[in-house]
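*Asks:* Provided herewith is a single structure, encoded as C-alpha cells, for subsequent inquiry.
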Amino acid sequence: MNRADYDRYLAAFNTKDYDAVCDFYAEPMAMDFFGVSIRSREDMKRFYAFLHAHVHESVRVQNFASSETLTAVDAIVRIEAYRDLDRATLDANGAPGLFPIAAGDVQELRQFIFYTLRDGKIANVECAMLPP
C-alpha cells in the first residue's frame with residue numbers, strides 16, 4: 001500500500017464510508033486493538049457505526065512507511081465526543097480498552113498502526129498507543 005492508496009483509505013475512514021474502507025481489507029481479516037476484535041466486514045461496520053454514533057474520529061498521519069508486506073503509520077487520532085461514552089457502554093459493545101469520554105470533550109492520542117498486507121489488501125491490523 002503506497003501513500004496514495006493509504007490516503008484514499010484514510011479519506012474513506014475519515015468520512016465514515018465503511019464500505020469503501022472494507023474494500024481495502026482481505027477476507028478473512030484480523031483487526032485487534034485495545035480489546036476490540038474485528039474479523040469481518042460486518043464486524044467492522046457494526047463497531048464503527050457504534051463508535052461513530054458517539055464520537056467523531058479523525059486520523060492525521062505524522063510518519064508513513066510501507067513495503068510489499070507492511071504499512072506502518074505514526075498518527076494522531078483525534079476523538080471528539082458528540083455524546084457521553086462511558087465505561088459500561090464501551091464494555092457492552094466490545095471495546096474494553098478504549099477510554100471513556102464525555103460529550104464535548106476531545107482526546108488526541110498518538111497511535112502506531114501496523115497493517116500487514118496480503119495480495120495488496122490489509123490482512124491484519126495492530127495498534128499501540130501512548131497514554132493520553
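Following the order of the C-alpha cells, chains are lettered A, B, ..., residues in each are numbered from 1, and ligands are numbered from 1.
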List every residue of region 61-108 of chain A that DSSP, applied to the backbone of this structure, assigns to helix (DSSP H, G or I), and report them as a VMD selection string.

*Replies:* chain A and resid 87 to 92

*Asks:* Let me see the file: selected residues, C-alpha atoms, as an mmCIF file, in the first residue's frame.

*Replies:*
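Contents of again-v5.cif, freshly written:
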data_model
loop_
_atom_site.group_PDB
_atom_site.id
_atom_site.type_symbol
_atom_site.label_atom_id
_atom_site.label_comp_id
_atom_site.auth_asym_id
_atom_site.auth_seq_id
_atom_site.Cartn_x
_atom_site.Cartn_y
_atom_site.Cartn_z
ATOM 1 C CA ARG A 87 -17.120 2.523 30.600
ATOM 2 C CA ALA A 88 -20.269 0.366 30.755
ATOM 3 C CA THR A 89 -21.262 1.266 27.181
ATOM 4 C CA LEU A 90 -17.755 0.609 25.878
ATOM 5 C CA ASP A 91 -17.586 -2.750 27.656
ATOM 6 C CA ALA A 92 -21.059 -3.756 26.431
#

*Asks:* Please provide as a PyMOL selection string all residues within 12 Å of region 55-59 of chain A, with the sequence filter that same-chain residues fewer than 6 positions apart are discarded (counting only C-alpha atoms).

*Replies:* chain A and resi 6-7+9-16+48-49+73-86+99-113

*Asks:* Any idea what the distance is between CA of Phe33 (chain A) and CA of Asn124 (chain A)?

*Replies:*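 Pair CA of Phe33 (chain A) / CA of Asn124 (chain A) returns 10.7 Å.
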
*Asks:* DSSP on the backbone: which residues in chain A end up as strand (DSSP E or B)? Give the answer as a ChimeraX atom specification.

*Replies:* /A:25-33,36-38,55-66,70-81,85,101,106-118,121-129

*Asks:* Quick one: of A:Leu130, A:Leu51, A:Ala95, A:Leu117, who's nearest to Asp32 (chain A), counting only C-alpha atoms?

*Replies:*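 Under the stated criterion, the closest residue is A:Ala95.
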
*Asks:* Quick one: of A:Gly35, A:Phe24, A:Glu126, A:Phe114, who's nearest to Leu98 (chain A), counting only C-alpha atoms?

*Replies:*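 Checking each of A:Gly35, A:Phe24, A:Glu126, A:Phe114 against Leu98 (chain A), counting only C-alpha atoms, the winner is A:Gly35.
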
*Asks:* Pick out the residues sitting within 9 Å of Glu27 (chain A), and hand them over as an NGL selection string; count only C-alpha atoms, and ignore anything fewer than 6 positions along from it in its own chain.

*Replies:* :A and (39-41 or 122-123)

*Asks:* My list of candidates is A:Phe47, A:Ala53, A:Arg118, A:Ala30. Which is closest to Thr71 (chain A) when distances are computed with only C-alpha atoms?

*Replies:*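 Counting only C-alpha atoms, the residue closest to Thr71 (chain A) is A:Arg118.
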
*Asks:* Out of A:Cys127, A:Ala65, A:Met44, A:Ala72, which residue has the shortest atom-to-atom distance to Asp19 (chain A) when counting only C-alpha atoms?

*Replies:* A:Met44

*Asks:* With only C-alpha atoms as the atoms that count, which of A:Ala4, A:Gly97, A:Phe50, A:Ala20 lies nearest to Met129 (chain A)?

*Replies:*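 Going through A:Ala4, A:Gly97, A:Phe50, A:Ala20 one by one, the smallest distance to Met129 (chain A) is for A:Gly97.
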
*Asks:* What does the distance from CA of Lys121 (chain A) to CA of His54 (chain A) come to in Å, to one decimal?

*Replies:* 28.8 Å
